[in-house]
Amino acid sequence: MIHFVGAGPGAADLITLRGARLLEEADVVVYAGSLVNPELLDACKPDCTVYDSSTMTLGQIVDVMERASQAGMECVRLHTGDPALYGAHREQMDALDARGIPYDVVPGVSSLFGAAAAMRVELTVPQVSQSLVVTRVEGRTPMPEGERLRDLASHSCTMALFLSAGLLDRAQEELLAGGYEPDTPAALVVRATWPDEAVYQCTVGTLHSCANEHRVTKTALVLVGDALATHGMRSLLYDATFTHEYRTATSSHAAGGDAPCA
């Protein structure tokens, strides 16, 4: 059986319990050596065979998984964060499907949420932003029609940019062209949850200069939006004057059914 496992954002103890168990039981591990914390490999059995996929092609990776499957071995394909976000595991699953090899997927904690935790922010703040756009700056891989950064920026909601740390001059230009004000809060979160984690708060108008000042060129997530600098806003979920399925409001005046859902 092949197990695609999300390793989490960096800290070794942020892998899921299921992922950790599968890693301990694995006979073969193929891990993203350029991104996954190598401390996770300490959980592997002494006789586990480990491959670093950073130097491998898709064909080589799938060949390793096929050999493990044919030998009746447990194989873990260890991806950084959650493999569903920029994990390139769809093409691996397609290849396994074509060869009739069974697999499953274990989700992981994305670096997006590691970054939010590092900043101690909520990405969806009532009356400020109730939507989150996860995207990237167009580089060598073109963006689909309608998904240019300036198009998505027109919504002015919370935004997270992956794979964009080396293109922040372009990111800044596109975000401003799309409608974010220059003073919109922004942040560069470098190596979220790792021991050397760093958070650099700035604005959309200073993204590029902030990256240059702190020499940020890779392994960073970009967060943008007014929710990053909003404090004191309260939802209705725990408001004593708001009635919902599990609690009756203490004030009949505020307990009407036309209040928004929390």
# chains A, B, ... in the order shown; residues from 1 in each chain; ligands from 1
>>> residues_around(residues="Leu17 (chain A)", least_positions_apart="2", cutoff="12 Å", atoms="only C-alpha atoms", output="list of chain:residue names")
A:Val5, A:Gly6, A:Ala7, A:Gly8, A:Ala12, A:Asp13, A:Leu14, A:Ile15, A:Gly19, A:Ala20, A:Arg21, A:Leu22, A:Leu23, A:Glu24, A:Val106, A:Pro107, A:Gly108, A:Val109
>>> residues_around(residues="region 177-187 of chain A", least_positions_apart="5", cutoff="10 Å", atoms="only C-alpha atoms", output="ChimeraX atom specification")
/A:115,119,148-160,171-172,199-207,210-211,220-230
>>> select_by_dssp(residues="region 152-208 of chain A", states="strand (DSSP E)", output="NGL selection string")
:A and (158-162 or 185-190 or 198-203)
>>> write_last_selection(atoms="N, CA and C atoms", output="mmCIF file, in the first residue's frame")
data_model
loop_
_atom_site.group_PDB
_atom_site.id
_atom_site.type_symbol
_atom_site.label_atom_id
_atom_site.label_comp_id
_atom_site.auth_asym_id
_atom_site.auth_seq_id
_atom_site.Cartn_x
_atom_site.Cartn_y
_atom_site.Cartn_z
ATOM 1 N N THR A 158 -8.788 38.215 2.509
ATOM 2 C CA THR A 158 -7.514 37.678 2.958
ATOM 3 C C THR A 158 -6.913 36.812 1.852
ATOM 4 N N MET A 159 -5.618 36.944 1.650
ATOM 5 C CA MET A 159 -4.959 36.194 0.590
ATOM 6 C C MET A 159 -3.664 35.584 1.102
ATOM 7 N N ALA A 160 -3.390 34.367 0.650
ATOM 8 C CA ALA A 160 -2.139 33.693 0.970
ATOM 9 C C ALA A 160 -1.441 33.340 -0.327
ATOM 10 N N LEU A 161 -0.176 33.731 -0.453
ATOM 11 C CA LEU A 161 0.601 33.458 -1.657
ATOM 12 C C LEU A 161 1.658 32.410 -1.361
ATOM 13 N N PHE A 162 1.571 31.286 -2.033
ATOM 14 C CA PHE A 162 2.579 30.246 -1.969
ATOM 15 C C PHE A 162 3.575 30.459 -3.113
ATOM 16 N N PRO A 185 -2.387 45.663 5.349
ATOM 17 C CA PRO A 185 -1.428 44.829 6.093
ATOM 18 C C PRO A 185 -0.970 43.616 5.287
ATOM 19 N N ALA A 186 0.289 43.279 5.458
ATOM 20 C CA ALA A 186 0.864 42.107 4.801
ATOM 21 C C ALA A 186 1.960 41.544 5.712
ATOM 22 N N ALA A 187 2.389 40.349 5.402
ATOM 23 C CA ALA A 187 3.452 39.730 6.204
ATOM 24 C C ALA A 187 4.181 38.677 5.393
ATOM 25 N N LEU A 188 5.457 38.519 5.691
ATOM 26 C CA LEU A 188 6.270 37.434 5.163
ATOM 27 C C LEU A 188 6.571 36.506 6.334
ATOM 28 N N VAL A 189 6.114 35.268 6.237
ATOM 29 C CA VAL A 189 6.367 34.296 7.299
ATOM 30 C C VAL A 189 7.346 33.264 6.739
ATOM 31 N N VAL A 190 8.540 33.272 7.282
ATOM 32 C CA VAL A 190 9.624 32.416 6.779
ATOM 33 C C VAL A 190 9.732 31.162 7.647
ATOM 34 N N ALA A 198 10.598 33.057 11.218
ATOM 35 C CA ALA A 198 10.662 34.518 11.293
ATOM 36 C C ALA A 198 9.413 35.115 10.676
ATOM 37 N N VAL A 199 8.894 36.160 11.299
ATOM 38 C CA VAL A 199 7.716 36.869 10.797
ATOM 39 C C VAL A 199 8.097 38.325 10.565
ATOM 40 N N TYR A 200 7.918 38.802 9.334
ATOM 41 C CA TYR A 200 8.206 40.185 8.989
ATOM 42 C C TYR A 200 6.915 40.849 8.550
ATOM 43 N N GLN A 201 6.400 41.725 9.379
ATOM 44 C CA GLN A 201 5.143 42.415 9.062
ATOM 45 C C GLN A 201 5.441 43.668 8.255
ATOM 46 N N CYS A 202 4.607 43.898 7.255
ATOM 47 C CA CYS A 202 4.805 45.040 6.381
ATOM 48 C C CYS A 202 3.445 45.440 5.804
ATOM 49 N N THR A 203 3.429 46.044 4.648
ATOM 50 C CA THR A 203 2.202 46.370 3.932
ATOM 51 C C THR A 203 2.338 45.906 2.488
#
>>> closest_residue(among="A:Asp47, A:Glu122, A:Glu138, A:Asp82", to="Ala26 (chain A)", atoms="only C-alpha atoms")
A:Asp47
>>> closest_residue(among="A:Thr55, A:Arg120, A:His208, A:Val29", to="Ala43 (chain A)", atoms="only C-alpha atoms")
A:Val29
>>> residues_around(residues="region 69-73 of chain A", least_positions_apart="5", cutoff="12 Å", atoms="only C-alpha atoms", output="PyMOL selection string")
chain A and resi 1-3+22+25-29+48-49+62-64+96+99-103
>>> closest_residue(among="A:Arg18, A:Thr80, A:Lys218, A:Asn37", to="Pro195 (chain A)", atoms="only C-alpha atoms")
A:Asn37
>>> atom_distance(atom1="CA of Leu168 (chain A)", atom2="CA of Arg215 (chain A)")
11.7 Å
>>> select_by_dssp(residues="region 63-255 of chain A", states="alpha helix (DSSP H)", output="PyMOL selection string")
chain A and resi 63-70+90-98+111-119+149-153+168-178+207-214
>>> atom_distance(atom1="CA of Gly10 (chain A)", atom2="CA of Ser129 (chain A)")
27.4 Å
>>> closest_residue(among="A:Leu58, A:Leu35, A:Ala11, A:Val137", to="Arg90 (chain A)", atoms="only C-alpha atoms")
A:Leu58
>>> atom_distance(atom1="CA of Glu197 (chain A)", atom2="CA of Ser53 (chain A)")
24.1 Å
>>> closest_residue(among="A:Pro38, A:Gln60, A:Leu123, A:Ala95", to="His79 (chain A)", atoms="only C-alpha atoms")
A:Pro38
